[in-house]
Amino acid sequence: MRLPLLSLAALLALSTSAFAGDVVVTSGWFRALPAGLPSGGYFTLHNDSNKTVTLTGASSPACGILMLHKSEDKGGTMEMMDTPTIAVPAGTDLKFAPGGYHLMCMNATAAMKPGKTVAVTLELQDGTKLPATFAVKNAKGQ
């Protein structure tokens, strides 16, 4: 009985590792704004797995708080709201870009300076953590 349970545990551990490798963060960057203003974070999340993954959070030592957000046009007025989870269907890319999904960095540290890079960790519903490096750009996105 012990051998089958150990084999099952090993198989589950391997499948989690392979799954994490199928979800990739690319083109990450923050738009740094003057002190006191929140910074927007943008990237592409590529899900090459065969199932939907759900993004549940993000963190960075460069941000006091890092939240998932979405901007939406509500009758001609753009509104920004917290988004607790974001589903990324199997085999797709989801772009986090100005005017749509993005990260919102509140209470940015001194590390959030144009020309620098900062560490970001994205968190998936299954407990997977995706480390990434984001470039920091100026208010014009350069």
# chains A, B, ... in the order shown; residues from 1 in each chain; ligands from 1
>>> residues_around(residues="region 129-136 of chain A", least_positions_apart="5", cutoff="10 Å", atoms="only C-alpha atoms", output="mmCIF file with N, CA and C atoms, in the first residue's frame")
data_model
loop_
_atom_site.group_PDB
_atom_site.id
_atom_site.type_symbol
_atom_site.label_atom_id
_atom_site.label_comp_id
_atom_site.auth_asym_id
_atom_site.auth_seq_id
_atom_site.Cartn_x
_atom_site.Cartn_y
_atom_site.Cartn_z
ATOM 1 N N ALA A 20 3.253 24.397 -13.851
ATOM 2 C CA ALA A 20 3.803 25.729 -13.613
ATOM 3 C C ALA A 20 4.630 26.186 -14.800
ATOM 4 N N GLY A 21 5.327 25.243 -15.455
ATOM 5 C CA GLY A 21 6.139 25.594 -16.620
ATOM 6 C C GLY A 21 5.316 25.972 -17.837
ATOM 7 N N VAL A 23 2.742 28.027 -17.754
ATOM 8 C CA VAL A 23 2.198 29.365 -17.570
ATOM 9 C C VAL A 23 3.388 30.320 -17.437
ATOM 10 N N VAL A 24 3.470 31.280 -18.355
ATOM 11 C CA VAL A 24 4.660 32.122 -18.449
ATOM 12 C C VAL A 24 4.271 33.599 -18.462
ATOM 13 N N VAL A 25 5.049 34.401 -17.738
ATOM 14 C CA VAL A 25 4.881 35.851 -17.713
ATOM 15 C C VAL A 25 5.922 36.460 -18.655
ATOM 16 N N THR A 26 5.475 37.326 -19.577
ATOM 17 C CA THR A 26 6.410 38.005 -20.484
ATOM 18 C C THR A 26 6.088 39.499 -20.545
ATOM 19 N N SER A 27 7.062 40.264 -21.008
ATOM 20 C CA SER A 27 6.911 41.701 -21.295
ATOM 21 C C SER A 27 6.409 42.512 -20.110
ATOM 22 N N GLY A 28 6.873 42.188 -18.905
ATOM 23 C CA GLY A 28 6.423 42.893 -17.715
ATOM 24 C C GLY A 28 7.065 44.269 -17.566
ATOM 25 N N TRP A 29 6.229 45.267 -17.239
ATOM 26 C CA TRP A 29 6.741 46.616 -16.967
ATOM 27 C C TRP A 29 5.768 47.400 -16.103
ATOM 28 N N PHE A 30 6.307 48.369 -15.388
ATOM 29 C CA PHE A 30 5.513 49.299 -14.590
ATOM 30 C C PHE A 30 5.657 50.693 -15.165
ATOM 31 N N ARG A 31 4.586 51.464 -15.076
ATOM 32 C CA ARG A 31 4.626 52.895 -15.394
ATOM 33 C C ARG A 31 4.778 53.630 -14.066
ATOM 34 N N ALA A 32 5.982 54.146 -13.812
ATOM 35 C CA ALA A 32 6.248 54.874 -12.570
ATOM 36 C C ALA A 32 5.704 56.289 -12.692
ATOM 37 N N SER A 39 1.323 53.165 -9.354
ATOM 38 C CA SER A 39 1.973 52.772 -10.603
ATOM 39 C C SER A 39 1.225 51.601 -11.206
ATOM 40 N N GLY A 41 1.007 48.262 -13.591
ATOM 41 C CA GLY A 41 1.872 47.191 -14.074
ATOM 42 C C GLY A 41 1.205 46.437 -15.205
ATOM 43 N N TYR A 42 1.994 46.133 -16.241
ATOM 44 C CA TYR A 42 1.464 45.514 -17.457
ATOM 45 C C TYR A 42 2.346 44.335 -17.858
ATOM 46 N N PHE A 43 1.754 43.323 -18.462
ATOM 47 C CA PHE A 43 2.486 42.122 -18.871
ATOM 48 C C PHE A 43 1.567 41.247 -19.701
ATOM 49 N N LEU A 55 -5.575 33.545 -11.963
ATOM 50 C CA LEU A 55 -4.680 34.445 -11.253
ATOM 51 C C LEU A 55 -5.432 34.985 -10.045
ATOM 52 N N GLY A 57 -3.593 36.759 -7.294
ATOM 53 C CA GLY A 57 -2.897 37.820 -6.581
ATOM 54 C C GLY A 57 -1.516 38.082 -7.142
ATOM 55 N N ALA A 58 -0.877 39.108 -6.584
ATOM 56 C CA ALA A 58 0.476 39.484 -6.982
ATOM 57 C C ALA A 58 1.132 40.186 -5.804
ATOM 58 N N SER A 59 2.457 40.122 -5.783
ATOM 59 C CA SER A 59 3.205 40.826 -4.743
ATOM 60 C C SER A 59 4.529 41.291 -5.323
ATOM 61 N N SER A 60 5.089 42.316 -4.700
ATOM 62 C CA SER A 60 6.389 42.838 -5.101
ATOM 63 C C SER A 60 6.979 43.609 -3.928
ATOM 64 N N ALA A 111 12.522 51.754 -5.084
ATOM 65 C CA ALA A 111 12.932 50.878 -6.193
ATOM 66 C C ALA A 111 12.155 51.164 -7.481
ATOM 67 N N MET A 112 10.999 51.811 -7.357
ATOM 68 C CA MET A 112 10.155 52.070 -8.521
ATOM 69 C C MET A 112 10.628 53.346 -9.232
ATOM 70 N N LYS A 113 11.769 53.243 -9.877
ATOM 71 C CA LYS A 113 12.372 54.367 -10.599
ATOM 72 C C LYS A 113 12.610 53.965 -12.050
ATOM 73 N N PRO A 114 12.280 54.837 -13.013
ATOM 74 C CA PRO A 114 12.526 54.522 -14.417
ATOM 75 C C PRO A 114 13.982 54.094 -14.643
ATOM 76 N N GLY A 115 14.138 53.055 -15.452
ATOM 77 C CA GLY A 115 15.452 52.512 -15.750
ATOM 78 C C GLY A 115 15.822 51.328 -14.867
ATOM 79 N N LYS A 116 15.093 51.108 -13.793
ATOM 80 C CA LYS A 116 15.353 49.993 -12.876
ATOM 81 C C LYS A 116 14.465 48.803 -13.252
ATOM 82 N N THR A 117 14.700 47.695 -12.578
ATOM 83 C CA THR A 117 13.810 46.532 -12.681
ATOM 84 C C THR A 117 13.380 46.148 -11.273
ATOM 85 N N VAL A 118 12.194 45.555 -11.163
ATOM 86 C CA VAL A 118 11.679 45.115 -9.867
ATOM 87 C C VAL A 118 11.133 43.690 -9.990
ATOM 88 N N ALA A 119 11.215 42.966 -8.891
ATOM 89 C CA ALA A 119 10.686 41.601 -8.833
ATOM 90 C C ALA A 119 9.188 41.633 -8.577
ATOM 91 N N VAL A 120 8.471 40.738 -9.253
ATOM 92 C CA VAL A 120 7.030 40.568 -9.066
ATOM 93 C C VAL A 120 6.764 39.067 -8.972
ATOM 94 N N THR A 121 5.863 38.682 -8.096
ATOM 95 C CA THR A 121 5.427 37.287 -8.022
ATOM 96 C C THR A 121 3.925 37.255 -8.244
ATOM 97 N N LEU A 122 3.509 36.521 -9.274
ATOM 98 C CA LEU A 122 2.083 36.321 -9.540
ATOM 99 C C LEU A 122 1.668 35.011 -8.887
ATOM 100 N N GLU A 123 0.461 34.987 -8.355
ATOM 101 C CA GLU A 123 -0.030 33.819 -7.623
ATOM 102 C C GLU A 123 -1.250 33.237 -8.326
ATOM 103 N N LEU A 124 -1.215 31.911 -8.531
ATOM 104 C CA LEU A 124 -2.330 31.210 -9.153
ATOM 105 C C LEU A 124 -3.153 30.496 -8.088
ATOM 106 N N GLY A 141 5.696 55.711 -20.575
ATOM 107 C CA GLY A 141 5.889 54.310 -20.939
ATOM 108 C C GLY A 141 7.200 54.057 -21.665
ATOM 109 N N GLN A 142 8.173 54.939 -21.468
ATOM 110 C CA GLN A 142 9.467 54.798 -22.144
ATOM 111 C C GLN A 142 10.567 54.459 -21.169
#
>>> select_by_dssp(residues="chain A", states="strand (DSSP E or B)", output="ChimeraX atom specification")
/A:23-31,39-47,53-59,63-74,77-82,86-88,92-96,101-108,117-124,129-137
>>> select_by_dssp(residues="chain A", states="alpha helix (DSSP H)", output="ChimeraX atom specification")
/A:2-21
>>> atom_distance(atom1="CA of His102 (chain A)", atom2="CA of His69 (chain A)")
5.3 Å
>>> closest_residue(among="A:Asn138, A:Gln125, A:Asn47, A:Thr83", to="Leu33 (chain A)", atoms="only C-alpha atoms")
A:Asn138
>>> closest_residue(among="A:Leu45, A:Val53, A:Ala62, A:Met67", to="Ala108 (chain A)", atoms="only C-alpha atoms")
A:Ala62
>>> residues_around(residues="Asp48 (chain A)", least_positions_apart="5", cutoff="8 Å", atoms="only C-alpha atoms", output="list in words")
Asp22, Val23, Ala90, Gly91 and Thr92 of chain A
>>> closest_residue(among="A:Met104, A:Ala139, A:Ala35, A:Ala87", to="Lys70 (chain A)", atoms="only C-alpha atoms")
A:Met104
>>> atom_distance(atom1="CA of Gly75 (chain A)", atom2="CA of Phe96 (chain A)")
21.9 Å
>>> atom_distance(atom1="CA of Gly127 (chain A)", atom2="CA of Asp82 (chain A)")
20.4 Å
>>> closest_residue(among="A:Thr44, A:Ser71, A:Thr77, A:Thr56", to="Gly100 (chain A)", atoms="only C-alpha atoms")
A:Ser71
>>> closest_residue(among="A:Met78, A:Ile65, A:Ile86, A:Leu37", to="Tyr101 (chain A)", atoms="only C-alpha atoms")
A:Ile86
